[in-house]
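Below is one structure, written out as structure tokens, with a few remarks after it.
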Amino acid sequence: MTQASRGFLRIGTEEAFSFPGQANLLDEMARRPGEEMDLITWRRRLTPGGRDKVPELLDLDEGRIASMDANGIDIQLLSLTSPGVQMFDTETAVAIATEANDYLAAAIERHPTRYAGLASFAPQDPARAAKEMERAANQLRLHGFVVNSHTNGEYLDDPKYLPILEAAEALGKAIYIHPRCPPDIFARYYRDYGMWSALWAYQAETGLHGMRLIMSGVFDRFPNLKIVLGHMGEGIPYWLYRIDYMANVGKGINKPNAELLPSEYFKRNFLITTSGMNDPLVLDYAIKSLGADNIMFAIDYPYQETAEAVTFLDDAPISEADRRKIFETNATKLFGIDTSAAQGARVT
Ligand code: MN
């Protein structure tokens with residue numbers, strides 16, 4: 001497709017990277033005995049013939065840009081791959097998050113028209129996390145934040161994490177809640193049949209995180225906080241009728257802390273992305289249910305195929321106005337991505 005006929009940029013909003021500081025530590029942890037589900041997932045790369053995405057995750061230059069060019073991707077919004085820094089001890093997590101943000105900012109500086117980025121932070125130390133969020137937004141000019149669901153089995157609705165939510169709202173930057181494997185108390189239920197990661201557990205885990213935020217009432221305290229969920233909303237959009245119904249019927253039991261209906265928060269405080277969910281029926285439902293303003297394009301590079309994601313949204317039977325919102329303008333608005341230079345260098 002030519003640049004003139006397309007008329008919009010393609011911006012992928014859930015695109016993963018790693019760097020030696022993170023990858024080497026996770027390698028080391030995965031080599032030790034232990035059955036934590038995230039480590040089993042990471043360990044697969046260390047197994048001969050196993051699925052190894054780390055070389056692609058580490059490449060923030062020629063290989064990645066070539067893949068973007070080959071598939072007509074103008075900009076990747078990069079985030080440190082799951083499980084981020086969340087399996088590390090507190091001091092290590094704080095150090096690696098800082099290092100990751102510097103590393104990411106340097107990559108954006110090398111390729112300013114091709115990359116934007118979400119900053120990491122260490123929930124293990126909420127006060128220092130908030131400081132790093134401020135530094136990442138104000139000094140490094142990163143575009144938002146990423147967290148990989150739970151930290152040691154705790155979720156962002158826990159009062160200890162208030163400084164993190166407060167910082168995100170004050171800085172006007174969204175938090176992308178990316179999946180990781182559920183807390184290990186669930187391992188026995190998810191490990192059978194290989195359901196501990198993207199096949200099912202990621203969605204169950206991250207959907208739970210979104211629901212905890214909604215039901216806890218944190219959005220009454222932070223009405224302007226924006227949360228992003230991948231994978232077409234981690235199942236929540238499909239469930240909204242029943243969640244609202246039960247929240248109404250069971251007032252005081254099912255809805256202890258929040259003022260509005262769950263769906264009202266979901267439509268006001270959440271955006272979803274298409275990452276890894278290249279299904280036009282689900283997209284059609286999401287547009288009708290949430291509105292095209294609440295949906296952004298994502299590939300889930302390098303875990304899923306760029307070409308398939310692009311073809312899916314290029315061919316989806318939606319209006320051209322909605323296609324442009326989902327591919328480009330919802331992301332530029334939410335994350336404050338400056339595309340003036342990218343517009344001139346649009347990939348065709
Ligand atoms: Mn992903």
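Naming scheme: A, B, ... for chains in displayed order of the structure tokens; residues 1 onward per chain; ligands 1 onward as shown.
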
Fill in: Contacts of A:Arg45 within 12 Å, only C-alpha atoms, excl. fewer than 6 positions in-chain, as a PyMOL selection string
chain A and resi 23+26-27+30-31+39+51-55

Could you list, as a PDB file with C-alpha atoms, in the first residue's frame, all residues that come within 10 Å of ligand 1? Count only C-alpha atoms and all ligand atoms.
ATOM      1  CA  THR A  13       1.630  -0.210  21.213  1.00  0.00           C
ATOM      2  CA  GLU A  14       2.665  -3.466  22.950  1.00  0.00           C
ATOM      3  CA  GLU A  15       6.077  -4.178  21.496  1.00  0.00           C
ATOM      4  CA  ALA A  16       8.612  -5.873  23.717  1.00  0.00           C
ATOM      5  CA  PHE A  17      12.337  -5.413  24.164  1.00  0.00           C
ATOM      6  CA  SER A  79       8.179  -1.846  26.740  1.00  0.00           C
ATOM      7  CA  LEU A  80      10.527  -4.052  28.770  1.00  0.00           C
ATOM      8  CA  THR A  81       9.447  -7.643  28.234  1.00  0.00           C
ATOM      9  CA  SER A  82       7.483  -9.592  30.831  1.00  0.00           C
ATOM     10  CA  ASN A 148       3.629  -6.803  34.379  1.00  0.00           C
ATOM     11  CA  ILE A 177      -0.805  -3.576  32.582  1.00  0.00           C
ATOM     12  CA  HIS A 178       0.936  -6.308  30.637  1.00  0.00           C
ATOM     13  CA  PRO A 179       0.467  -9.989  31.503  1.00  0.00           C
ATOM     14  CA  ARG A 180       2.780 -12.262  33.409  1.00  0.00           C
ATOM     15  CA  ALA A 198      -0.486 -16.864  26.880  1.00  0.00           C
ATOM     16  CA  TYR A 202      -2.097 -14.397  31.169  1.00  0.00           C
ATOM     17  CA  GLY A 230      -3.791  -5.695  25.812  1.00  0.00           C
ATOM     18  CA  HIS A 231      -5.390  -8.673  24.110  1.00  0.00           C
ATOM     19  CA  SER A 275      -2.197  -7.266  20.741  1.00  0.00           C
ATOM     20  CA  GLY A 276      -2.187 -10.931  19.854  1.00  0.00           C
ATOM     21  CA  ALA A 298      -0.593  -3.640  18.840  1.00  0.00           C
ATOM     22  CA  ILE A 299       1.392  -6.540  17.458  1.00  0.00           C
ATOM     23  CA  ASP A 300       2.985  -8.143  20.541  1.00  0.00           C
ATOM     24  CA  TYR A 301       6.323  -8.181  18.728  1.00  0.00           C
ATOM     25  CA  PRO A 302       8.323 -10.435  18.690  1.00  0.00           C
ATOM     26  CA  TYR A 303       5.975 -12.994  20.234  1.00  0.00           C
ATOM     27  CA  GLN A 304       3.394 -12.797  17.457  1.00  0.00           C
TER      28      GLN A 304
END

Discussion item. Could you list, as number ranges by chain, every residue within 7 Å of stretch 205-213 of chain A, counting only C-alpha atoms and ignoring same-chain residues fewer than 2 positions away?
Written reply: A: 149, 155-157, 179, 181-182, 201-203, 215-218, 234-236

Discussion item. Can you tell me, as a ChimeraX atom specification, which residues in stretch 30-217 of chain A count as strand (DSSP E) by DSSP?
Written reply: /A:75-80,115-119,144-147,175-177

Write out, as a compact mmCIF listing (two decimals), in the first residue's frame, the residues just selected, with all heavy atoms.
# COMPACT_ATOMS: atom_id res chain seq x y z
N ILE A 75 5.94 3.06 13.79
CA ILE A 75 6.45 3.31 15.14
C ILE A 75 6.12 2.12 16.04
O ILE A 75 5.00 1.60 16.00
CB ILE A 75 5.81 4.59 15.75
CG1 ILE A 75 6.22 5.83 14.94
CG2 ILE A 75 6.19 4.76 17.22
CD1 ILE A 75 5.50 7.11 15.35
N GLN A 76 7.09 1.69 16.82
CA GLN A 76 6.82 0.74 17.91
C GLN A 76 6.90 1.49 19.23
O GLN A 76 7.88 2.19 19.50
CB GLN A 76 7.86 -0.40 17.94
CG GLN A 76 7.63 -1.51 16.92
CD GLN A 76 8.47 -2.75 17.20
OE1 GLN A 76 9.26 -2.79 18.15
NE2 GLN A 76 8.32 -3.76 16.36
N LEU A 77 5.86 1.33 20.06
CA LEU A 77 5.90 1.80 21.44
C LEU A 77 6.48 0.64 22.25
O LEU A 77 5.82 -0.39 22.45
CB LEU A 77 4.49 2.15 21.92
CG LEU A 77 4.36 2.58 23.38
CD1 LEU A 77 4.99 3.96 23.60
CD2 LEU A 77 2.89 2.61 23.81
N LEU A 78 7.71 0.81 22.71
CA LEU A 78 8.47 -0.29 23.29
C LEU A 78 8.22 -0.40 24.80
O LEU A 78 8.07 0.61 25.48
CB LEU A 78 9.97 -0.06 23.06
CG LEU A 78 10.41 -0.01 21.60
CD1 LEU A 78 11.80 0.62 21.49
CD2 LEU A 78 10.40 -1.40 20.99
N SER A 79 8.24 -1.65 25.29
CA SER A 79 8.18 -1.85 26.74
C SER A 79 9.04 -3.06 27.11
O SER A 79 9.14 -4.02 26.34
CB SER A 79 6.73 -2.04 27.22
OG SER A 79 6.05 -2.96 26.40
N LEU A 80 9.65 -2.98 28.29
CA LEU A 80 10.53 -4.05 28.77
C LEU A 80 9.71 -5.34 28.90
O LEU A 80 8.64 -5.35 29.50
CB LEU A 80 11.11 -3.67 30.13
CG LEU A 80 12.17 -4.62 30.70
CD1 LEU A 80 13.43 -4.63 29.83
CD2 LEU A 80 12.54 -4.21 32.13
N TYR A 115 10.62 4.94 17.25
CA TYR A 115 10.30 4.36 18.55
C TYR A 115 9.70 5.39 19.50
O TYR A 115 10.05 6.57 19.47
CB TYR A 115 11.56 3.81 19.24
CG TYR A 115 12.24 2.65 18.57
CD1 TYR A 115 13.63 2.49 18.68
CD2 TYR A 115 11.52 1.70 17.85
CE1 TYR A 115 14.28 1.42 18.08
CE2 TYR A 115 12.17 0.62 17.25
CZ TYR A 115 13.55 0.50 17.36
OH TYR A 115 14.19 -0.55 16.77
N ALA A 116 8.82 4.89 20.35
CA ALA A 116 8.41 5.61 21.55
C ALA A 116 8.54 4.57 22.67
O ALA A 116 8.85 3.41 22.39
CB ALA A 116 6.98 6.11 21.41
N GLY A 117 8.31 4.95 23.92
CA GLY A 117 8.58 3.95 24.95
C GLY A 117 7.78 4.11 26.23
O GLY A 117 7.43 5.22 26.63
N LEU A 118 7.51 2.98 26.86
CA LEU A 118 6.88 2.94 28.19
C LEU A 118 7.95 2.64 29.23
O LEU A 118 8.74 1.71 29.06
CB LEU A 118 5.80 1.85 28.23
CG LEU A 118 4.65 2.02 27.24
CD1 LEU A 118 3.67 0.85 27.37
CD2 LEU A 118 3.92 3.34 27.45
N ALA A 119 7.95 3.41 30.29
CA ALA A 119 8.98 3.27 31.32
C ALA A 119 8.62 2.17 32.31
O ALA A 119 7.46 1.96 32.64
CB ALA A 119 9.13 4.59 32.07
N GLY A 144 4.79 6.77 28.88
CA GLY A 144 3.84 6.13 29.77
C GLY A 144 4.60 5.07 30.55
O GLY A 144 5.84 5.08 30.57
N PHE A 145 3.85 4.16 31.15
CA PHE A 145 4.47 3.18 32.05
C PHE A 145 3.97 1.79 31.74
O PHE A 145 2.87 1.61 31.23
CB PHE A 145 4.16 3.54 33.50
CG PHE A 145 4.50 4.97 33.82
CD1 PHE A 145 3.50 5.93 33.95
CD2 PHE A 145 5.83 5.37 33.92
CE1 PHE A 145 3.82 7.26 34.20
CE2 PHE A 145 6.16 6.70 34.17
CZ PHE A 145 5.15 7.65 34.31
N VAL A 146 4.79 0.80 32.09
CA VAL A 146 4.37 -0.59 31.96
C VAL A 146 4.59 -1.30 33.28
O VAL A 146 5.58 -1.05 33.98
CB VAL A 146 5.15 -1.30 30.82
CG1 VAL A 146 6.65 -1.36 31.12
CG2 VAL A 146 4.60 -2.71 30.58
N VAL A 147 3.64 -2.15 33.63
CA VAL A 147 3.82 -3.03 34.78
C VAL A 147 3.33 -4.40 34.34
O VAL A 147 2.38 -4.51 33.56
CB VAL A 147 3.06 -2.50 36.02
CG1 VAL A 147 1.56 -2.61 35.84
CG2 VAL A 147 3.51 -3.22 37.29
N ILE A 175 -0.75 3.76 32.50
CA ILE A 175 -0.05 2.54 32.90
C ILE A 175 -0.59 1.38 32.06
O ILE A 175 -1.78 1.09 32.09
CB ILE A 175 -0.25 2.21 34.39
CG1 ILE A 175 0.25 3.35 35.27
CG2 ILE A 175 0.46 0.90 34.75
CD1 ILE A 175 0.01 3.12 36.78
N TYR A 176 0.30 0.74 31.33
CA TYR A 176 -0.07 -0.44 30.54
C TYR A 176 0.14 -1.65 31.44
O TYR A 176 1.26 -1.92 31.87
CB TYR A 176 0.84 -0.53 29.31
CG TYR A 176 0.32 -1.40 28.17
CD1 TYR A 176 0.20 -0.87 26.89
CD2 TYR A 176 -0.03 -2.73 28.35
CE1 TYR A 176 -0.26 -1.64 25.81
CE2 TYR A 176 -0.50 -3.51 27.30
CZ TYR A 176 -0.61 -2.96 26.02
OH TYR A 176 -1.07 -3.73 24.98
N ILE A 177 -0.94 -2.36 31.78
CA ILE A 177 -0.81 -3.58 32.58
C ILE A 177 -0.63 -4.75 31.63
O ILE A 177 -1.58 -5.18 30.97
CB ILE A 177 -2.00 -3.81 33.52
CG1 ILE A 177 -2.23 -2.58 34.41
CG2 ILE A 177 -1.75 -5.05 34.38
CD1 ILE A 177 -3.35 -2.76 35.42

Practice prompt. Please provide the set of residues having any atom within 12 Å of A:Asp220, restricted to only C-alpha atoms, with same-chain residues fewer than 5 positions apart removed, written as a PyMOL selection string.
Written response: chain A and resi 213-215+225+257-262+264-265+268-269

With all heavy atoms retained, write the just-selected residues as a short mmCIF file (atom, residue, chain, number, x, y, z; two decimals), in the first residue's frame.
data_model
loop_
_atom_site.label_atom_id
_atom_site.label_comp_id
_atom_site.auth_asym_id
_atom_site.auth_seq_id
_atom_site.Cartn_x
_atom_site.Cartn_y
_atom_site.Cartn_z
N LEU A 213 -8.75 -3.34 40.25
CA LEU A 213 -8.68 -1.87 40.22
C LEU A 213 -10.09 -1.28 40.16
O LEU A 213 -10.42 -0.34 40.88
CB LEU A 213 -7.85 -1.39 39.03
CG LEU A 213 -6.34 -1.64 39.13
CD1 LEU A 213 -5.65 -1.22 37.83
CD2 LEU A 213 -5.72 -0.86 40.30
N ILE A 214 -10.93 -1.84 39.29
CA ILE A 214 -12.29 -1.32 39.12
C ILE A 214 -13.08 -1.44 40.42
O ILE A 214 -13.68 -0.48 40.90
CB ILE A 214 -13.01 -2.07 37.98
CG1 ILE A 214 -12.42 -1.67 36.63
CG2 ILE A 214 -14.51 -1.83 38.03
CD1 ILE A 214 -12.90 -2.52 35.46
N MET A 215 -13.07 -2.64 41.01
CA MET A 215 -13.92 -2.89 42.18
C MET A 215 -13.42 -2.19 43.44
O MET A 215 -14.19 -1.92 44.36
CB MET A 215 -14.03 -4.40 42.43
CG MET A 215 -14.64 -5.19 41.28
SD MET A 215 -16.30 -4.65 40.82
CE MET A 215 -17.28 -5.40 42.13
N LEU A 225 -6.94 8.72 35.91
CA LEU A 225 -5.94 7.67 35.68
C LEU A 225 -6.34 6.82 34.47
O LEU A 225 -7.49 6.40 34.36
CB LEU A 225 -5.84 6.80 36.93
CG LEU A 225 -4.91 5.59 36.87
CD1 LEU A 225 -3.45 6.02 36.66
CD2 LEU A 225 -5.03 4.76 38.16
N ASN A 257 -16.63 -0.97 47.17
CA ASN A 257 -15.90 0.28 47.31
C ASN A 257 -16.11 1.33 46.24
O ASN A 257 -15.66 2.45 46.37
CB ASN A 257 -14.39 -0.01 47.39
CG ASN A 257 -14.05 -0.75 48.67
OD1 ASN A 257 -14.62 -0.49 49.72
ND2 ASN A 257 -13.14 -1.70 48.57
N ALA A 258 -16.73 0.97 45.12
CA ALA A 258 -16.73 1.89 44.00
C ALA A 258 -18.07 2.59 43.84
O ALA A 258 -19.12 2.02 44.14
CB ALA A 258 -16.39 1.13 42.72
N GLU A 259 -18.04 3.83 43.37
CA GLU A 259 -19.26 4.63 43.21
C GLU A 259 -20.00 4.32 41.91
O GLU A 259 -21.22 4.33 41.88
CB GLU A 259 -18.92 6.12 43.25
CG GLU A 259 -18.59 6.61 44.65
CD GLU A 259 -17.99 8.01 44.67
OE1 GLU A 259 -18.05 8.70 43.63
OE2 GLU A 259 -17.44 8.38 45.71
N LEU A 260 -19.29 4.12 40.84
CA LEU A 260 -19.91 3.92 39.53
C LEU A 260 -20.05 2.43 39.22
O LEU A 260 -19.50 1.58 39.92
CB LEU A 260 -19.07 4.58 38.43
CG LEU A 260 -18.74 6.07 38.60
CD1 LEU A 260 -17.88 6.56 37.42
CD2 LEU A 260 -20.01 6.91 38.70
N LEU A 261 -20.76 2.13 38.14
CA LEU A 261 -20.83 0.76 37.68
C LEU A 261 -19.48 0.36 37.09
O LEU A 261 -18.78 1.19 36.50
CB LEU A 261 -21.89 0.63 36.59
CG LEU A 261 -23.34 0.53 37.05
CD1 LEU A 261 -24.27 0.55 35.84
CD2 LEU A 261 -23.55 -0.75 37.87
N PRO A 262 -19.12 -0.91 37.20
CA PRO A 262 -17.84 -1.36 36.63
C PRO A 262 -17.65 -0.94 35.16
O PRO A 262 -16.57 -0.48 34.78
CB PRO A 262 -17.92 -2.88 36.77
CG PRO A 262 -18.77 -3.09 37.99
CD PRO A 262 -19.78 -1.98 37.96
N GLU A 264 -18.77 1.59 33.68
CA GLU A 264 -18.53 3.03 33.55
C GLU A 264 -17.04 3.34 33.76
O GLU A 264 -16.47 4.18 33.07
CB GLU A 264 -19.40 3.81 34.54
CG GLU A 264 -20.87 3.70 34.21
CD GLU A 264 -21.78 4.40 35.22
OE1 GLU A 264 -21.83 3.99 36.40
OE2 GLU A 264 -22.46 5.35 34.82
N TYR A 265 -16.43 2.66 34.72
CA TYR A 265 -14.98 2.83 34.87
C TYR A 265 -14.25 2.27 33.66
O TYR A 265 -13.27 2.84 33.19
CB TYR A 265 -14.46 2.12 36.13
CG TYR A 265 -15.01 2.67 37.41
CD1 TYR A 265 -15.88 1.93 38.18
CD2 TYR A 265 -14.64 3.93 37.85
CE1 TYR A 265 -16.39 2.42 39.36
CE2 TYR A 265 -15.15 4.44 39.04
CZ TYR A 265 -16.02 3.67 39.79
OH TYR A 265 -16.53 4.17 40.96
N ARG A 268 -14.38 4.71 30.93
CA ARG A 268 -13.77 6.00 31.22
C ARG A 268 -12.26 5.90 31.45
O ARG A 268 -11.51 6.79 31.05
CB ARG A 268 -14.42 6.59 32.49
CG ARG A 268 -13.95 8.01 32.80
CD ARG A 268 -14.53 8.51 34.12
NE ARG A 268 -13.87 7.90 35.27
CZ ARG A 268 -14.20 8.16 36.55
NH1 ARG A 268 -15.20 8.99 36.81
NH2 ARG A 268 -13.56 7.58 37.54
N ASN A 269 -11.83 4.87 32.13
CA ASN A 269 -10.44 4.82 32.60
C ASN A 269 -9.55 3.83 31.87
O ASN A 269 -8.35 3.78 32.14
CB ASN A 269 -10.41 4.50 34.10
CG ASN A 269 -11.04 5.59 34.94
OD1 ASN A 269 -12.21 5.52 35.27
ND2 ASN A 269 -10.28 6.62 35.24
#

Discussion item. Set the distance at 7 Å and use only C-alpha atoms: which residues neighbour A:Ala292 once local chain neighbours fewer than 4 positions away are removed? I'd like the list as JSON, numbers by chain.
Written reply: {"A": [287, 322, 325, 326]}

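In this model, the gap between atom CA of A:Ala105 and atom CA of A:Lys160 comes to 28.4 Å.
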
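Minimum atom-to-atom distances from A:Phe88, A:Ser263, A:Ala168, A:Met29 to A:Arg242 were compared using only C-alpha atoms, and the lowest value belongs to A:Ser263.
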
Practice prompt. Using backbone DSSP assignments, extract all helix (DSSP H, G or I) residues from stretch 192-304 of chain A; output them as a ChimeraX atom specification.
Written response: /A:192-194,201-216,218-221,231-234,236-249,262-269,280-290,292-294
